[in-house]
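Enquirer: One structure, pasted below without further comment.
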Amino acid sequence: MQVDPCPPVQAQQIRTDPLRRNDLTNAPGYGSRLAISDSGFPVLPRWCVWVQPAKGAEPNRWERRWFGAIDRALDEWSAVLPIIRVEDSERAHVRIERRRPPRRRLADGWRASNGRSVLQVLEVQRQGVWRLEPNVTVMVSPELRAESQQATALHELGHAFGLWAHSQVPSDAMAPVQGASPVLKLSPRDQLTLQWMRQQPSDFGVPMPGPP
């Protein structure tokens with residue numbers, strides 16, 4: 001019998017497992033800047049991703065532009081990660097939504113953004129087995145040029161796939177402030193940091209006893 005790579009959620013429980021700066025000073029790339037939890041980096045052996053569908057039977061021109069940007073960003077990450085697209089959001093670890101993120105209140109006032117990733121750490125039961133999983137909502141605004149949408153999606157998906165940090169090098173996809181042109185490809189530093197992070201010990205995705 002074929003194993004379902006993205007089984008639906010049967011039960012779940014929210015964990016209070018905050019991220020903090022890691023203390024691995026010799027990490028390559030920008031690995032020493034990555035946030036980590038007490039259970040390790042929030043990564044999985046494979047990622048199940050859901051993309052919000054069009055409102056109608058056929059996407060309009062603006063939706064088609066947004067879908068194209070998301071597809072290209074996912075293709076870029078799929079070259080370095082096992083990613084499975086799913087049609088049921090209950091099967092997903094990452095949900096990509098077509099909306100502008102709400103403004104955030106900062107010390108110097110309110111700030112708007114083109115994209116945002118929101119992480120929850122969950123204890124999840126799938127096929128009778130409990131595991132610790134990251135659950136991420138990715139918001140990418142539809143009100144952008146195609147290249148800006150793609151660069152925003154590429155960056156926010158990096159967070160979703162475990163790179164909870166920002167690079168200080170503008171040519172990296174995970175740089176918050178990029179150069180004159182949007183970054184549409186993963187840089188060697190992005191890939192090096194990702195590869196290193198995924199090799200570190202983590203309790204995420206490992207079978208565990210269920211919650212009490």
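Chain labels run A, B, ... following the order of the structure tokens; each chain numbers its residues from 1, and ligands are numbered from 1 in the order shown.
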Run DSSP on the backbone and grab whatever in segment 1-192 of chain A lands in strand (DSSP E or B); send it over as a ChimeraX atom specification.
Expert: /A:11-15,20-21,35-37,40,47-51,83-86,94-98,104-106,109-111,115-126,129-140
Enquirer: For Glu87 of chain A, find every residue with an atom within 9 Å (counting only C-alpha atoms), except residues of its own chain fewer than 3 positions away, and show them as a PyMOL selection string.
Expert: chain A and resi 49-53+90-92
Enquirer: Can I get the selected residues back with N, CA, C and O atoms, as a compact mmCIF listing (two decimals), in the first residue's frame?
Expert:
# COMPACT_ATOMS: atom_id res chain seq x y z
N VAL A 49 2.71 21.73 1.28
CA VAL A 49 2.40 23.15 1.09
C VAL A 49 1.05 23.29 0.39
O VAL A 49 0.79 22.65 -0.65
N TRP A 50 0.21 24.17 0.94
CA TRP A 50 -1.09 24.50 0.36
C TRP A 50 -1.07 25.94 -0.11
O TRP A 50 -0.58 26.83 0.61
N VAL A 51 -1.57 26.19 -1.31
CA VAL A 51 -1.66 27.54 -1.85
C VAL A 51 -3.13 27.90 -1.99
O VAL A 51 -3.92 27.14 -2.57
N GLN A 52 -3.52 29.05 -1.45
CA GLN A 52 -4.91 29.49 -1.52
C GLN A 52 -5.39 29.52 -2.97
O GLN A 52 -4.77 30.14 -3.82
N PRO A 53 -6.51 28.86 -3.27
CA PRO A 53 -6.99 28.80 -4.66
C PRO A 53 -7.63 30.12 -5.09
O PRO A 53 -7.87 31.02 -4.27
N GLU A 90 -5.74 21.02 5.44
CA GLU A 90 -5.54 20.20 6.63
C GLU A 90 -4.35 19.25 6.48
O GLU A 90 -3.90 18.65 7.46
N ARG A 91 -3.86 19.09 5.28
CA ARG A 91 -2.70 18.24 5.04
C ARG A 91 -1.39 19.03 5.04
O ARG A 91 -0.32 18.44 4.89
N ALA A 92 -1.47 20.34 5.17
CA ALA A 92 -0.30 21.19 4.94
C ALA A 92 0.42 21.56 6.23
O ALA A 92 -0.19 21.70 7.30
Enquirer: Which polymer residues have any atom within 10 Å of an atom of Val206 of chain A, counting only C-alpha atoms, with same-chain residues fewer than 5 positions away left out, as number ranges by chain?
Expert: A: 44-45, 129-133
Enquirer: Do you have, as a Markdown table, the list of residues of segment 134-191 of chain A lying at most 12 Å from segment 15-21 of chain A, each with its nearest atom pair and that distance in Å to one decimal, counting only C-alpha atoms and ordered by chain then number?
Expert:
| residue | atom | partner | partner_atom | distance |
| --- | --- | --- | --- | --- |
| A:Pro134 | CA | A:Arg15 | CA | 10.0 |
| A:Asn135 | CA | A:Arg15 | CA | 10.9 |
| A:Gly162 | CA | A:Leu19 | CA | 11.0 |
| A:Leu163 | CA | A:Leu19 | CA | 11.5 |
| A:Trp164 | CA | A:Leu19 | CA | 8.6 |
| A:Ala165 | CA | A:Arg21 | CA | 9.0 |
| A:His166 | CA | A:Arg21 | CA | 11.8 |
Enquirer: Give me a file of those residues, with N, CA and C atoms, as a short mmCIF file (atom, residue, chain, number, x, y, z; two decimals), in the first residue's frame.
Expert:
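Final output, saved to result-v5.cif:
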data_model
loop_
_atom_site.label_atom_id
_atom_site.label_comp_id
_atom_site.auth_asym_id
_atom_site.auth_seq_id
_atom_site.Cartn_x
_atom_site.Cartn_y
_atom_site.Cartn_z
N PRO A 134 6.22 22.38 12.86
CA PRO A 134 5.99 23.80 12.63
C PRO A 134 4.76 23.96 11.73
N ASN A 135 3.93 24.91 12.06
CA ASN A 135 2.75 25.22 11.26
C ASN A 135 2.86 26.69 10.88
N GLY A 162 12.20 27.20 7.80
CA GLY A 162 13.11 27.11 8.95
C GLY A 162 14.14 28.20 9.08
N LEU A 163 14.30 29.06 8.08
CA LEU A 163 15.32 30.11 8.14
C LEU A 163 14.72 31.34 8.83
N TRP A 164 14.58 31.24 10.15
CA TRP A 164 13.99 32.33 10.92
C TRP A 164 15.09 33.30 11.32
N ALA A 165 15.56 34.04 10.31
CA ALA A 165 16.60 35.04 10.51
C ALA A 165 16.67 35.88 9.25
N HIS A 166 17.45 36.94 9.31
CA HIS A 166 17.71 37.76 8.13
C HIS A 166 19.21 37.83 7.88
#
Enquirer: Could you tell me how far atom CA of Gly68 of chain A sits from atom CA of Ala146 of chain A, in Å to one decimal place?
Expert: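 One can read the atom CA of Ala146 of chain A to atom CA of Gly68 of chain A distance as 8.0 Å.
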Enquirer: Which value, in Å to one decimal, gives the distance between atom CA of Ser32 of chain A and atom CA of Thr193 of chain A?
Expert: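 Atom-to-atom, atom CA of Ser32 of chain A and atom CA of Thr193 of chain A are spaced 9.2 Å apart.
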Enquirer: Would you mind listing what lies within 9 Å of Asn22 of chain A as a list in words, with only C-alpha atoms counted and same-chain residues fewer than 5 positions away left out?
Expert: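 In the requested format, the answer is Gly31, Ser32, Arg33, Leu34, Ala35, Ile36 and Ser37 of chain A.
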Enquirer: Generate a file of the selected residues that holds all heavy atoms, formatted as a compact mmCIF listing (two decimals), in the first residue's frame.
Expert:
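So again-v7.txt came out as:
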# COMPACT_ATOMS: atom_id res chain seq x y z
N GLY A 31 24.07 31.20 9.47
CA GLY A 31 23.50 30.23 10.40
C GLY A 31 23.53 30.67 11.85
O GLY A 31 22.63 30.31 12.62
N SER A 32 24.53 31.46 12.25
CA SER A 32 24.60 31.89 13.65
C SER A 32 23.52 32.90 14.00
O SER A 32 23.28 33.17 15.18
CB SER A 32 25.98 32.50 13.94
OG SER A 32 26.21 33.63 13.12
N ARG A 33 22.84 33.44 12.99
CA ARG A 33 21.75 34.39 13.23
C ARG A 33 20.39 33.70 13.33
O ARG A 33 19.40 34.34 13.70
CB ARG A 33 21.71 35.43 12.10
CG ARG A 33 22.99 36.21 11.92
CD ARG A 33 22.92 37.15 10.72
NE ARG A 33 21.88 38.15 10.88
CZ ARG A 33 22.04 39.29 11.53
NH1 ARG A 33 23.21 39.60 12.07
NH2 ARG A 33 21.05 40.16 11.62
N LEU A 34 20.33 32.41 12.99
CA LEU A 34 19.04 31.71 12.95
C LEU A 34 18.44 31.53 14.34
O LEU A 34 19.14 31.25 15.31
CB LEU A 34 19.21 30.33 12.32
CG LEU A 34 19.61 30.27 10.84
CD1 LEU A 34 19.78 28.83 10.41
CD2 LEU A 34 18.56 30.97 9.97
N ALA A 35 17.12 31.66 14.42
CA ALA A 35 16.41 31.40 15.66
C ALA A 35 16.17 29.90 15.80
O ALA A 35 15.98 29.18 14.81
CB ALA A 35 15.09 32.15 15.69
N ILE A 36 16.18 29.45 17.04
CA ILE A 36 16.03 28.03 17.36
C ILE A 36 15.11 27.89 18.55
O ILE A 36 14.93 28.84 19.33
CB ILE A 36 17.43 27.42 17.65
CG1 ILE A 36 17.38 25.89 17.67
CG2 ILE A 36 17.99 27.95 18.96
CD1 ILE A 36 18.77 25.24 17.75
N SER A 37 14.47 26.75 18.71
CA SER A 37 13.65 26.48 19.89
C SER A 37 14.37 25.46 20.77
O SER A 37 15.41 24.91 20.39
CB SER A 37 12.28 25.93 19.47
OG SER A 37 12.39 24.57 19.09
Enquirer: Hey, which of A:Ile84, A:Val124, A:Ala153, A:Ala160 ends up closest to Val136 of chain A? Count only C-alpha atoms.
Expert: A:Ala160
Enquirer: May I ask for the distance between atom CA of Phe204 of chain A and atom CA of Ser39 of chain A, given in Å to one decimal place?
Expert: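 That distance, rounded to one decimal, is 7.0 Å.
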Enquirer: In segment 29-185 of chain A, what's helix (DSSP H, G or I) per DSSP? Answer as a ChimeraX atom specification?
Expert: /A:31-33,61-78,89-91,146-160
Enquirer: From the set A:Val94, A:Leu74, A:Ser89, A:Ala54, which residue has the shortest atom-to-atom contact distance to Thr152 of chain A, counting only C-alpha atoms?
Expert: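 When distances to Thr152 of chain A are compared using only C-alpha atoms, the smallest one comes from A:Leu74.
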Enquirer: Using only C-alpha atoms, pick whichever of A:Val118, A:Ile14, A:Cys6, A:Leu192 has the shortest atom-to-atom distance to Val138 of chain A.
Expert: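 Of A:Val118, A:Ile14, A:Cys6, A:Leu192, the one nearest Val138 of chain A, counting only C-alpha atoms, is A:Val118.
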Enquirer: Would you mind telling me which residue in A:Ala69, A:Gly158, A:Trp62, A:Ser148 lies nearest to Ala180 of chain A when using only C-alpha atoms?
Expert: A:Ser148
